[in-house]
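S.K.: Handing over data18.txt, compact mmCIF, C-alpha atoms and all ligand atoms.
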# COMPACT_ATOMS: atom_id res chain seq x y z
CA MET O 1 0.00 0.00 0.00
CA SER O 2 1.60 3.32 -1.07
CA LYS O 3 2.13 5.72 1.83
CA VAL O 4 1.45 9.45 1.41
CA ILE O 5 2.41 12.12 3.93
CA VAL O 6 -0.37 14.74 4.16
CA SER O 7 0.51 18.04 5.83
CA GLY O 8 -2.64 19.67 7.21
CA GLY O 9 -4.39 16.29 7.17
CA CYS O 10 -6.77 17.43 9.95
CA GLY O 11 -7.83 20.54 8.10
CA TYR O 12 -10.91 20.97 5.94
CA ILE O 13 -9.46 19.96 2.54
CA GLY O 14 -6.78 17.73 4.11
CA SER O 15 -9.24 15.57 6.03
CA HIS O 16 -11.55 15.03 3.05
CA THR O 17 -8.55 14.19 0.84
CA ALA O 18 -7.21 11.80 3.49
CA VAL O 19 -10.56 9.96 3.49
CA ASP O 20 -10.54 9.79 -0.32
CA LEU O 21 -6.92 8.51 -0.41
CA ILE O 22 -7.73 5.80 2.17
CA ALA O 23 -10.84 4.79 0.20
CA ASN O 24 -8.55 4.43 -2.84
CA GLY O 25 -6.09 2.13 -1.09
CA PHE O 26 -3.41 4.59 0.08
CA GLU O 27 -1.88 4.70 3.56
CA VAL O 28 -2.00 8.24 5.00
CA VAL O 29 0.32 9.82 7.58
CA SER O 30 -0.86 13.28 8.64
CA ILE O 31 1.20 16.15 10.05
CA ASP O 32 -1.09 18.75 11.58
CA SER O 33 -0.36 21.16 14.47
CA PHE O 34 -4.10 21.91 14.94
CA ILE O 35 -3.43 25.66 14.46
CA ARG O 36 -6.60 25.76 12.35
CA SER O 37 -8.28 22.53 13.33
CA GLU O 38 -8.91 20.52 16.48
CA PRO O 39 -8.23 16.94 17.67
CA SER O 40 -11.96 16.16 17.71
CA ILE O 41 -11.83 15.88 13.90
CA LEU O 42 -9.76 12.67 14.26
CA LYS O 43 -12.80 10.66 15.35
CA HIS O 44 -14.81 11.97 12.36
CA ILE O 45 -12.04 10.96 9.96
CA GLU O 46 -11.79 7.49 11.53
CA HIS O 47 -15.58 7.10 11.55
CA VAL O 48 -15.83 7.88 7.83
CA SER O 49 -12.67 6.03 6.70
CA GLY O 50 -13.28 3.04 8.99
CA LYS O 51 -9.57 2.97 9.91
CA PRO O 52 -7.28 4.40 12.64
CA PHE O 53 -5.83 7.75 11.54
CA LEU O 54 -2.19 8.62 12.34
CA ASN O 55 -1.50 12.31 12.92
CA TYR O 56 1.68 13.96 14.26
CA SER O 57 0.84 17.23 16.01
CA VAL O 58 3.89 19.04 14.59
CA ASP O 59 4.36 22.59 13.26
CA LEU O 60 6.10 22.53 9.84
CA CYS O 61 8.22 25.45 11.06
CA ASP O 62 9.81 23.14 13.70
CA LYS O 63 12.38 21.40 11.51
CA ASP O 64 13.71 19.05 14.22
CA LEU O 65 10.29 17.64 15.08
CA LEU O 66 9.39 17.53 11.40
CA LYS O 67 12.51 15.48 10.64
CA ARG O 68 11.53 12.91 13.29
CA VAL O 69 8.28 12.25 11.40
CA PHE O 70 10.15 11.60 8.16
CA LEU O 71 12.67 9.35 9.95
CA GLU O 72 9.71 7.17 10.92
CA HIS O 73 8.25 7.15 7.39
CA PRO O 74 11.15 7.10 4.88
CA ASP O 75 8.97 4.82 2.67
CA ALA O 76 6.53 7.62 1.79
CA VAL O 77 6.01 7.86 -1.99
CA GLY O 78 4.74 11.42 -1.93
CA ILE O 79 3.66 14.49 0.01
CA ILE O 80 0.40 16.38 -0.29
CA HIS O 81 0.95 19.82 1.25
CA PHE O 82 -2.15 21.56 2.62
CA ALA O 83 -0.86 23.06 5.89
CA ALA O 84 -1.08 26.83 5.44
CA LEU O 85 -3.09 29.79 6.68
CA LYS O 86 -5.80 30.63 4.13
CA SER O 87 -8.01 33.57 5.05
CA VAL O 88 -7.86 36.52 2.65
CA PRO O 89 -8.93 39.16 5.22
CA GLU O 90 -6.76 37.68 8.00
CA SER O 91 -3.72 37.83 5.70
CA VAL O 92 -4.43 41.51 4.96
CA ALA O 93 -4.57 42.24 8.71
CA ASN O 94 -1.59 40.03 9.67
CA PRO O 95 0.76 39.58 6.67
CA LEU O 96 3.91 38.49 8.58
CA SER O 97 2.15 35.49 10.15
CA TYR O 98 1.21 34.42 6.59
CA TYR O 99 4.70 34.85 5.12
CA ASN O 100 6.29 33.19 8.15
CA ASN O 101 3.96 30.22 8.38
CA ASN O 102 3.22 29.52 4.72
CA ILE O 103 6.70 30.07 3.26
CA ASN O 104 8.91 28.63 6.04
CA GLY O 105 6.64 25.62 6.39
CA LEU O 106 6.89 24.88 2.66
CA CYS O 107 10.69 25.27 2.57
CA ASN O 108 11.13 22.89 5.52
CA LEU O 109 8.92 20.32 3.81
CA LEU O 110 10.93 20.57 0.57
CA GLU O 111 14.15 20.06 2.56
CA MET O 112 12.66 16.82 3.94
CA MET O 113 11.71 15.80 0.39
CA SER O 114 15.34 16.22 -0.64
CA GLU O 115 16.88 14.60 2.45
CA PHE O 116 14.58 11.55 2.35
CA ASN O 117 14.50 11.37 -1.46
CA ILE O 118 10.70 11.56 -1.71
CA GLN O 119 9.93 12.02 -5.39
CA ASN O 120 6.46 13.59 -5.55
CA ILE O 121 4.66 16.58 -4.09
CA ILE O 122 1.14 17.93 -4.62
CA PHE O 123 0.86 21.60 -3.61
CA SER O 124 -2.28 23.36 -2.45
CA SER O 125 -2.25 26.48 -4.58
CA SER O 126 -5.10 28.83 -5.30
CA CYS O 127 -6.97 30.68 -8.05
CA SER O 128 -6.06 33.78 -6.10
CA VAL O 129 -2.65 33.67 -7.84
CA TYR O 130 -4.40 35.11 -10.95
CA GLY O 131 -5.42 38.31 -9.13
CA ASN O 132 -8.08 40.41 -10.85
CA VAL O 133 -8.39 38.89 -14.33
CA LYS O 134 -9.57 40.55 -17.55
CA THR O 135 -10.57 37.36 -19.42
CA LEU O 136 -12.77 34.60 -18.02
CA PRO O 137 -12.69 31.68 -17.57
CA VAL O 138 -9.01 31.52 -16.52
CA SER O 139 -6.80 28.73 -17.87
CA GLU O 140 -3.37 27.69 -16.54
CA GLU O 141 -1.83 29.84 -19.29
CA SER O 142 -3.70 32.96 -18.10
CA PRO O 143 -1.29 35.66 -16.94
CA ILE O 144 -0.49 35.80 -13.21
CA GLY O 145 -1.65 39.17 -11.92
CA ARG O 146 -0.67 41.17 -8.87
CA ALA O 147 -1.66 39.17 -5.78
CA GLU O 148 -4.58 41.03 -4.20
CA SER O 149 -3.73 39.77 -0.68
CA PRO O 150 -0.70 38.47 1.28
CA TYR O 151 -2.43 35.08 1.27
CA ALA O 152 -2.43 35.09 -2.55
CA ALA O 153 1.20 36.30 -2.54
CA THR O 154 2.25 33.27 -0.44
CA LYS O 155 0.62 30.99 -3.03
CA GLN O 156 2.40 32.74 -5.92
CA MET O 157 5.72 32.45 -4.05
CA GLY O 158 4.97 28.84 -3.11
CA GLU O 159 4.51 27.93 -6.77
CA ARG O 160 7.80 29.63 -7.72
CA ILE O 161 9.71 27.98 -4.83
CA ILE O 162 8.50 24.52 -5.86
CA GLU O 163 9.26 25.12 -9.55
CA ASP O 164 12.83 26.18 -8.69
CA PHE O 165 13.27 23.29 -6.22
CA ILE O 166 12.02 20.66 -8.70
CA ARG O 167 14.33 22.07 -11.38
CA SER O 168 17.31 21.79 -8.99
CA GLU O 169 16.65 18.15 -8.03
CA LYS O 170 16.89 15.05 -10.21
CA GLY O 171 13.80 12.88 -10.68
CA LYS O 172 11.42 14.93 -8.54
CA ASN O 173 7.90 15.81 -9.71
CA ALA O 174 5.24 18.27 -8.59
CA VAL O 175 1.59 19.04 -9.27
CA LEU O 176 0.37 22.50 -8.31
CA LEU O 177 -3.41 22.49 -7.86
CA ARG O 178 -5.00 25.95 -8.16
CA TYR O 179 -8.18 25.56 -6.10
CA PHE O 180 -11.14 27.77 -6.70
CA ASN O 181 -13.58 28.11 -3.78
CA PRO O 182 -13.95 24.88 -1.81
CA GLY O 183 -17.27 24.22 -0.04
CA GLY O 184 -19.59 21.50 1.19
CA ALA O 185 -19.01 18.38 3.28
CA HIS O 186 -18.63 14.61 3.03
CA PRO O 187 -21.94 13.07 1.74
CA SER O 188 -22.24 10.99 4.93
CA GLY O 189 -22.75 14.26 6.86
CA LEU O 190 -20.18 12.93 9.39
CA LEU O 191 -17.22 15.05 8.17
CA GLY O 192 -17.04 18.70 7.16
CA GLU O 193 -15.38 22.00 7.84
CA MET O 194 -14.80 22.33 11.60
CA PRO O 195 -16.15 25.63 12.97
CA GLN O 196 -13.46 28.30 13.05
CA LYS O 197 -13.26 31.15 15.59
CA ASN O 198 -13.53 34.00 13.09
CA ILE O 199 -14.79 32.41 9.87
CA SER O 200 -14.36 34.51 6.73
CA ASN O 201 -15.44 32.11 3.96
CA LEU O 202 -18.88 32.54 2.46
CA ILE O 203 -20.27 28.97 2.67
CA PRO O 204 -19.76 28.41 6.43
CA ILE O 205 -20.96 31.97 7.07
CA LEU O 206 -24.16 31.27 5.10
CA MET O 207 -24.72 28.09 7.14
CA ASN O 208 -24.22 30.03 10.36
CA ALA O 209 -26.58 32.79 9.21
CA VAL O 210 -29.33 30.25 8.47
CA SER O 211 -28.95 28.21 11.67
CA SER O 212 -28.58 31.26 13.96
CA GLN O 213 -31.11 33.44 12.07
CA GLN O 214 -29.10 36.40 13.36
CA ALA O 215 -28.68 39.30 10.91
CA ASN O 216 -24.91 39.51 11.32
CA PHE O 217 -24.02 38.36 7.81
CA TYR O 218 -22.87 41.17 5.47
CA VAL O 219 -22.57 40.94 1.71
CA HIS O 220 -19.18 42.55 1.02
CA GLY O 221 -20.27 45.04 -1.58
CA ASP O 222 -23.06 45.03 -4.18
CA ASP O 223 -21.57 47.68 -6.46
CA TYR O 224 -19.21 45.48 -8.47
CA PRO O 225 -19.43 45.37 -12.31
CA THR O 226 -21.21 41.96 -12.31
CA ARG O 227 -24.74 40.77 -13.22
CA ASP O 228 -26.12 41.57 -9.77
CA GLY O 229 -23.35 43.75 -8.34
CA THR O 230 -21.84 41.06 -6.08
CA CYS O 231 -18.59 39.14 -6.54
CA ILE O 232 -18.44 36.00 -8.64
CA ARG O 233 -16.63 32.82 -7.52
CA ASP O 234 -16.32 29.22 -8.74
CA TYR O 235 -17.49 27.06 -5.82
CA ILE O 236 -16.16 23.49 -5.97
CA HIS O 237 -17.47 20.62 -3.82
CA ILE O 238 -14.90 19.39 -1.30
CA MET O 239 -15.32 15.82 -2.57
CA ASP O 240 -14.53 16.88 -6.16
CA LEU O 241 -11.47 18.65 -4.81
CA ALA O 242 -10.37 15.61 -2.78
CA ASP O 243 -10.77 13.42 -5.90
CA ALA O 244 -8.46 15.77 -7.83
CA HIS O 245 -5.69 15.13 -5.25
CA THR O 246 -5.97 11.35 -5.40
CA ARG O 247 -5.88 11.52 -9.20
CA SER O 248 -2.84 13.85 -9.04
CA ILE O 249 -0.75 11.55 -6.83
CA ARG O 250 -1.62 8.59 -9.07
CA TYR O 251 -0.74 10.72 -12.14
CA LEU O 252 2.77 11.29 -10.75
CA LEU O 253 3.26 7.74 -9.44
CA ASN O 254 2.38 6.42 -12.91
CA SER O 255 4.76 9.01 -14.52
CA LYS O 256 1.94 10.41 -16.68
CA ASN O 257 3.27 13.99 -16.36
CA SER O 258 5.12 15.38 -19.38
CA ASN O 259 6.71 18.17 -17.31
CA ALA O 260 8.43 17.78 -13.93
CA CYS O 261 6.12 20.47 -12.55
CA GLU O 262 2.49 20.55 -13.78
CA ILE O 263 -0.19 23.11 -12.90
CA PHE O 264 -3.94 22.40 -12.89
CA ASN O 265 -6.97 24.59 -12.25
CA VAL O 266 -9.43 22.82 -9.99
CA GLY O 267 -12.78 24.58 -10.28
CA ILE O 268 -16.02 23.59 -12.02
CA GLY O 269 -16.16 26.45 -14.53
CA GLU O 270 -19.39 27.94 -13.16
CA GLY O 271 -19.37 31.49 -11.77
CA VAL O 272 -21.83 32.12 -8.93
CA THR O 273 -22.50 35.56 -7.38
CA VAL O 274 -22.91 36.09 -3.64
CA MET O 275 -26.61 36.86 -4.12
CA GLU O 276 -27.06 33.66 -6.16
CA ALA O 277 -25.34 31.72 -3.36
CA ILE O 278 -27.78 33.25 -0.87
CA ARG O 279 -30.79 32.19 -2.99
CA ALA O 280 -29.34 28.69 -3.45
CA THR O 281 -28.87 28.45 0.34
CA GLU O 282 -32.53 29.33 0.91
CA LEU O 283 -33.52 26.64 -1.61
CA ALA O 284 -31.21 24.03 -0.02
CA THR O 285 -32.32 24.70 3.57
CA GLY O 286 -35.91 25.89 3.10
CA LEU O 287 -35.04 28.80 5.42
CA LYS O 288 -34.40 32.52 4.89
CA VAL O 289 -30.85 33.88 4.92
CA PRO O 290 -30.84 37.09 7.00
CA TYR O 291 -28.25 39.48 5.50
CA ASN O 292 -27.22 43.11 5.17
CA ILE O 293 -25.32 44.83 2.39
CA GLY O 294 -21.94 46.09 3.62
CA PRO O 295 -18.87 47.75 2.09
CA ARG O 296 -16.43 45.99 -0.21
CA ARG O 297 -13.76 43.79 1.50
CA ASP O 298 -10.05 44.54 0.98
CA GLY O 299 -8.34 41.82 -1.04
CA ASP O 300 -11.44 40.64 -2.92
CA VAL O 301 -11.26 40.08 -6.67
CA VAL O 302 -14.37 40.96 -8.71
CA ALA O 303 -14.91 37.67 -10.54
CA ILE O 304 -13.08 34.44 -11.24
CA TYR O 305 -14.00 30.98 -12.50
CA ALA O 306 -12.05 28.12 -14.04
CA ASP O 307 -11.29 26.58 -17.38
CA TYR O 308 -10.53 23.08 -16.02
CA SER O 309 -10.06 21.34 -19.38
CA LYS O 310 -6.39 20.54 -18.65
CA ALA O 311 -7.33 18.58 -15.48
CA ALA O 312 -10.11 16.85 -17.42
CA ARG O 313 -7.67 15.88 -20.18
CA GLU O 314 -4.61 14.91 -18.14
CA LEU O 315 -6.08 13.76 -14.81
CA ASN O 316 -9.32 12.46 -16.31
CA TRP O 317 -10.98 14.60 -13.60
CA GLN O 318 -14.61 15.73 -13.92
CA PRO O 319 -16.55 17.61 -11.21
CA LYS O 320 -19.63 15.65 -10.08
CA PHE O 321 -21.29 18.35 -7.95
CA ASP O 322 -22.49 21.97 -8.20
CA ILE O 323 -23.38 24.81 -5.80
CA ASN O 324 -26.68 23.19 -4.85
CA ASP O 325 -24.95 19.95 -3.82
CA ILE O 326 -22.33 21.97 -1.94
CA LEU O 327 -24.98 23.81 0.07
CA ALA O 328 -27.09 20.68 0.71
CA SER O 329 -24.06 18.77 2.08
CA ALA O 330 -22.90 21.80 4.10
CA TRP O 331 -26.37 22.07 5.66
CA LYS O 332 -26.40 18.34 6.53
CA TRP O 333 -23.03 18.77 8.30
CA GLU O 334 -24.25 21.96 10.06
CA GLN O 335 -27.27 20.07 11.47
CA TYR O 336 -25.10 17.10 12.47
CA GLN O 337 -22.76 19.41 14.41
CA LYS O 338 -25.68 21.10 16.16
CA GLN O 339 -26.46 17.72 17.77
CA PHE O 340 -22.97 17.78 19.34
CA SER O 341 -23.28 21.30 20.72
CA LYS O 342 -26.65 20.61 22.46
C1 LIG X 401 -16.18 34.49 -1.35
C2 LIG X 401 -17.06 35.68 -1.72
C3 LIG X 401 -16.58 37.65 -0.47
C4 LIG X 401 -17.98 36.33 3.39
C5 LIG X 401 -11.23 31.79 -0.80
C6 LIG X 401 -10.34 31.26 0.27
C7 LIG X 401 -8.93 31.11 -0.20
C8 LIG X 401 -8.88 30.53 -1.58
C9 LIG X 401 -9.76 31.31 -2.54
C10 LIG X 401 -8.49 28.16 -1.79
C11 LIG X 401 -16.26 36.98 -1.79
C12 LIG X 401 -18.02 37.17 -0.22
C13 LIG X 401 -17.68 36.32 2.04
C14 LIG X 401 -18.99 37.22 3.89
C15 LIG X 401 -19.34 38.03 1.67
N1 LIG X 401 -9.33 29.18 -1.60
N2 LIG X 401 -18.34 37.16 1.21
N3 LIG X 401 -19.62 38.04 3.00
O1 LIG X 401 -12.13 35.37 -0.61
O2 LIG X 401 -12.75 34.05 -2.68
O3 LIG X 401 -11.06 33.17 -0.97
O4 LIG X 401 -11.07 31.19 -2.03
O5 LIG X 401 -7.32 28.18 -1.76
O6 LIG X 401 -8.32 30.22 0.70
O7 LIG X 401 -10.37 32.17 1.34
O8 LIG X 401 -13.53 33.26 -0.48
O9 LIG X 401 -15.46 32.62 0.88
O10 LIG X 401 -13.92 34.45 1.74
O11 LIG X 401 -15.42 34.89 -0.20
O12 LIG X 401 -19.94 38.78 0.88
O13 LIG X 401 -19.30 37.30 5.11
O14 LIG X 401 -18.05 35.86 -0.71
O15 LIG X 401 -16.56 39.07 -0.57
O16 LIG X 401 -16.78 37.77 -2.82
P1 LIG X 401 -12.37 34.07 -1.25
P2 LIG X 401 -14.58 33.78 0.59
Could you rewrite the structure in this file as structure tokens?
Ligand code: WQD
M.R.:
Amino acid sequence: MSKVIVSGGCGYIGSHTAVDLIANGFEVVSIDSFIRSEPSILKHIEHVSGKPFLNYSVDLCDKDLLKRVFLEHPDAVGIIHFAALKSVPESVANPLSYYNNNINGLCNLLEMMSEFNIQNIIFSSSCSVYGNVKTLPVSEESPIGRAESPYAATKQMGERIIEDFIRSEKGKNAVLLRYFNPGGAHPSGLLGEMPQKNISNLIPILMNAVSSQQANFYVHGDDYPTRDGTCIRDYIHIMDLADAHTRSIRYLLNSKNSNACEIFNVGIGEGVTVMEAIRATELATGLKVPYNIGPRRDGDVVAIYADYSKAARELNWQPKFDINDILASAWKWEQYQKQFSK
């Protein structure tokens, strides 16, 4: 059974990918310091995967402790690197914590890859590397714009660091996955995005607005040059995103890549406005979404959605879900969690 080291394996995307990898016959070793997750997620992962889940509570910035993990698992065939801070507004308010955590953590991981001769890495990149784009949908050949937030800048730098590292090392391969906007939860309703202290992403905030029925949800601006004045994003179901990672590690293990470092957009090619997401939430839950219109948010791009034809062609990846499935699964998870908090 091929062993994959997953950094951030207890995070939102990491945990769903870990479950998908296990379901596809991989052995998973997670490294997660719980800076943005909590140990209670371990029982959800084990419940859904049906297997014990091994996590090392280690910060990637602690090279000594990180090395000890790799000493115990020198047989790993690849790394999937999720562990990073990912809130656009938080990165605007606290840029140094983003540069420190996201860049140092990546460099330490690449040093382990070199020292333990691990050949493959999948990197969690982001559509935010494109910045504000003129032409939609964006393909992997679309020009990289000015990063609109420190978070996006760490993803642009991360891509460049990996490209340079792979070029400097013999026989190493990388896939950079440019995620669009992940949302939703595992279809069982037993695994999803763990509640964060100050959530900034739209989907969990919509769920919270519906279940609390408190009018503390603000649409960040309705004066953008879009069909209804609100920002457009390409929301991708977390299970479609997890599937793209399993396909990517197989793609590298089977040497299907024609370049040592390949980039793929992972979005479903459908742009959805904030107002459309609100309406879809009301349809999915049968409840009203209380909201107010507020000012624009620093760091937001106006509109972005994916041309994912390269992933379809090379990874044989096809999204199976849309915004309605995302919201229905997110609502199922929200209700499941409410049982815990009673
Ligand atoms: C989406 C839209 C907000 C909250 C995310 C992740 C980032 C990266 C890219 C993967 C925007 C609007 C939100 C609210 C609102 N993903 N909004 N009121 O900023 O596109 O970035 O996707 O790598 O990690 O953060 O996503 O969910 O924060 O915002 O109006 O209370 O919803 O303005 O237009 P974003 P988001």
S.K.: I'd like the neighbourhood of Lys310 (chain O) as a list in words, where a residue qualifies if any of its atoms comes within 9 Å (using all atoms listed in the file), though same-chain residues fewer than 4 positions away should be ignored.
M.R.: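 Those residues are Ser139, Glu140, Ile263, Phe264, Asn265, Glu314, Leu315 and Asn316 of chain O.
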S.K.: Choose the residue, out of O:Asn55, O:Ser142, O:Asn216, O:Ser114, that has the smallest atom-to-atom separation from ligand LIG 401 (chain X); count all atoms listed in the file.
M.R.: O:Asn216
S.K.: With 3 Å added on each side, what axis-aligned box encloses every listed atom of ligand LIG 401 (chain X)? Give the centre and edge lengths in Å to one decimal, as JSON.
M.R.:
{"center_x": -13.6, "center_y": 33.6, "center_z": 1.1, "size_x": 18.6, "size_y": 16.9, "size_z": 13.9}
S.K.: Kindly indicate which residue among O:Gln196, O:Ser124, O:Thr285, O:Ser255 lies nearest to ligand LIG 401 (chain X), using only C-alpha atoms and all ligand atoms for the distances.
M.R.: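 The closest residue to ligand LIG 401 (chain X) is O:Ser124.
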S.K.: Expressed in Å to a single decimal, how great is the separation between CA of Val92 (chain O) and CA of Arg36 (chain O)?
M.R.: 17.5 Å
S.K.: Between atom O7 of ligand LIG 401 (chain X) and CA of Asn259 (chain O), measure the distance and give it in Å to one decimal.
M.R.: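 Between atom O7 of ligand LIG 401 (chain X) and CA of Asn259 (chain O) the gap is 28.9 Å.
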S.K.: Take CA of Ser2 (chain O) and CA of Asn257 (chain O) and report the distance between them in Å, one decimal.
M.R.: 18.7 Å
S.K.: Would you name the residues within 9 Å of ligand LIG 401 (chain X), counting only C-alpha atoms and all ligand atoms, and put them as JSON, numbers by chain?
M.R.: {"O": [85, 86, 87, 88, 89, 124, 125, 126, 127, 128, 151, 152, 155, 178, 179, 180, 181, 182, 183, 199, 200, 201, 202, 203, 204, 205, 206, 216, 217, 218, 219, 220, 221, 222, 230, 231, 232, 233, 234, 235, 273, 274, 275, 277, 293, 294, 296, 297, 298, 299, 300, 301, 302, 303, 304]}
S.K.: Since we have the selection now, will you write its residues out, keeping C-alpha atoms, as a short mmCIF file (atom, residue, chain, number, x, y, z; two decimals), keeping the file's coordinate frame?
M.R.:
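part-v3.cif, written as the output of this step:
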data_model
loop_
_atom_site.label_atom_id
_atom_site.label_comp_id
_atom_site.auth_asym_id
_atom_site.auth_seq_id
_atom_site.Cartn_x
_atom_site.Cartn_y
_atom_site.Cartn_z
CA LEU O 85 -3.09 29.79 6.68
CA LYS O 86 -5.80 30.63 4.13
CA SER O 87 -8.01 33.57 5.05
CA VAL O 88 -7.86 36.52 2.65
CA PRO O 89 -8.93 39.16 5.22
CA SER O 124 -2.28 23.36 -2.45
CA SER O 125 -2.25 26.48 -4.58
CA SER O 126 -5.10 28.83 -5.30
CA CYS O 127 -6.97 30.68 -8.05
CA SER O 128 -6.06 33.78 -6.10
CA TYR O 151 -2.43 35.08 1.27
CA ALA O 152 -2.43 35.09 -2.55
CA LYS O 155 0.62 30.99 -3.03
CA ARG O 178 -5.00 25.95 -8.16
CA TYR O 179 -8.18 25.56 -6.10
CA PHE O 180 -11.14 27.77 -6.70
CA ASN O 181 -13.58 28.11 -3.78
CA PRO O 182 -13.95 24.88 -1.81
CA GLY O 183 -17.27 24.22 -0.04
CA ILE O 199 -14.79 32.41 9.87
CA SER O 200 -14.36 34.51 6.73
CA ASN O 201 -15.44 32.11 3.96
CA LEU O 202 -18.88 32.54 2.46
CA ILE O 203 -20.27 28.97 2.67
CA PRO O 204 -19.76 28.41 6.43
CA ILE O 205 -20.96 31.97 7.07
CA LEU O 206 -24.16 31.27 5.10
CA ASN O 216 -24.91 39.51 11.32
CA PHE O 217 -24.02 38.36 7.81
CA TYR O 218 -22.87 41.17 5.47
CA VAL O 219 -22.57 40.94 1.71
CA HIS O 220 -19.18 42.55 1.02
CA GLY O 221 -20.27 45.04 -1.58
CA ASP O 222 -23.06 45.03 -4.18
CA THR O 230 -21.84 41.06 -6.08
CA CYS O 231 -18.59 39.14 -6.54
CA ILE O 232 -18.44 36.00 -8.64
CA ARG O 233 -16.63 32.82 -7.52
CA ASP O 234 -16.32 29.22 -8.74
CA TYR O 235 -17.49 27.06 -5.82
CA THR O 273 -22.50 35.56 -7.38
CA VAL O 274 -22.91 36.09 -3.64
CA MET O 275 -26.61 36.86 -4.12
CA ALA O 277 -25.34 31.72 -3.36
CA ILE O 293 -25.32 44.83 2.39
CA GLY O 294 -21.94 46.09 3.62
CA ARG O 296 -16.43 45.99 -0.21
CA ARG O 297 -13.76 43.79 1.50
CA ASP O 298 -10.05 44.54 0.98
CA GLY O 299 -8.34 41.82 -1.04
CA ASP O 300 -11.44 40.64 -2.92
CA VAL O 301 -11.26 40.08 -6.67
CA VAL O 302 -14.37 40.96 -8.71
CA ALA O 303 -14.91 37.67 -10.54
CA ILE O 304 -13.08 34.44 -11.24
#
S.K.: Measuring atom to atom with only C-alpha atoms, identify which of O:Gln335, O:Asn104, O:Ser33, O:Asn24 is nearest to Leu65 (chain O).
M.R.: O:Ser33
S.K.: Could you check which of O:Ala330, O:Ile268, O:Leu241, O:Val129 is closest to Ala153 (chain O), using only C-alpha atoms?
M.R.: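 Of all the options, O:Val129 lies closest to Ala153 (chain O).
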S.K.: Pick from O:Asp164, O:Asp243, O:Glu169, O:Glu148: nearest to Gln318 (chain O), with all atoms listed in the file counted?
M.R.: O:Asp243
S.K.: Extract, using all atoms listed in the file, all DNA, RNA and protein residues at most 6 Å from Ile79 (chain O), discarding same-chain residues fewer than 6 positions from it, and format them as a ChimeraX atom specification.
M.R.: /O:4-6,121
S.K.: Complete region 174-184 of chain O at the level of N, CA, C and O atoms, written as a compact mmCIF listing (two decimals), keeping the file's coordinate frame.
M.R.:
# COMPACT_ATOMS: atom_id res chain seq x y z
N ALA O 174 6.22 17.53 -9.38
CA ALA O 174 5.24 18.27 -8.59
C ALA O 174 3.98 18.53 -9.41
O ALA O 174 4.05 18.71 -10.64
N VAL O 175 2.85 18.54 -8.70
CA VAL O 175 1.59 19.04 -9.27
C VAL O 175 1.14 20.20 -8.40
O VAL O 175 1.05 20.06 -7.17
N LEU O 176 0.89 21.34 -9.02
CA LEU O 176 0.37 22.50 -8.31
C LEU O 176 -1.12 22.60 -8.64
O LEU O 176 -1.47 22.81 -9.80
N LEU O 177 -1.95 22.45 -7.61
CA LEU O 177 -3.41 22.49 -7.86
C LEU O 177 -3.94 23.87 -7.46
O LEU O 177 -3.87 24.26 -6.29
N ARG O 178 -4.44 24.62 -8.43
CA ARG O 178 -5.00 25.95 -8.16
C ARG O 178 -6.49 25.79 -7.87
O ARG O 178 -7.32 25.68 -8.76
N TYR O 179 -6.79 25.75 -6.53
CA TYR O 179 -8.18 25.56 -6.10
C TYR O 179 -8.98 26.81 -6.38
O TYR O 179 -8.46 27.93 -6.20
N PHE O 180 -10.24 26.62 -6.69
CA PHE O 180 -11.14 27.77 -6.70
C PHE O 180 -11.78 27.82 -5.31
O PHE O 180 -11.01 27.74 -4.32
N ASN O 181 -13.08 27.93 -5.17
CA ASN O 181 -13.58 28.11 -3.78
C ASN O 181 -14.18 26.83 -3.22
O ASN O 181 -15.30 26.47 -3.58
N PRO O 182 -13.46 26.15 -2.34
CA PRO O 182 -13.95 24.88 -1.81
C PRO O 182 -15.16 25.09 -0.89
O PRO O 182 -15.22 26.08 -0.15
N GLY O 183 -16.11 24.13 -0.93
CA GLY O 183 -17.27 24.22 -0.04
C GLY O 183 -17.93 22.86 0.09
O GLY O 183 -17.60 21.93 -0.65
N GLY O 184 -18.85 22.75 1.04
CA GLY O 184 -19.59 21.50 1.19
C GLY O 184 -18.92 20.57 2.20
O GLY O 184 -17.98 20.93 2.89
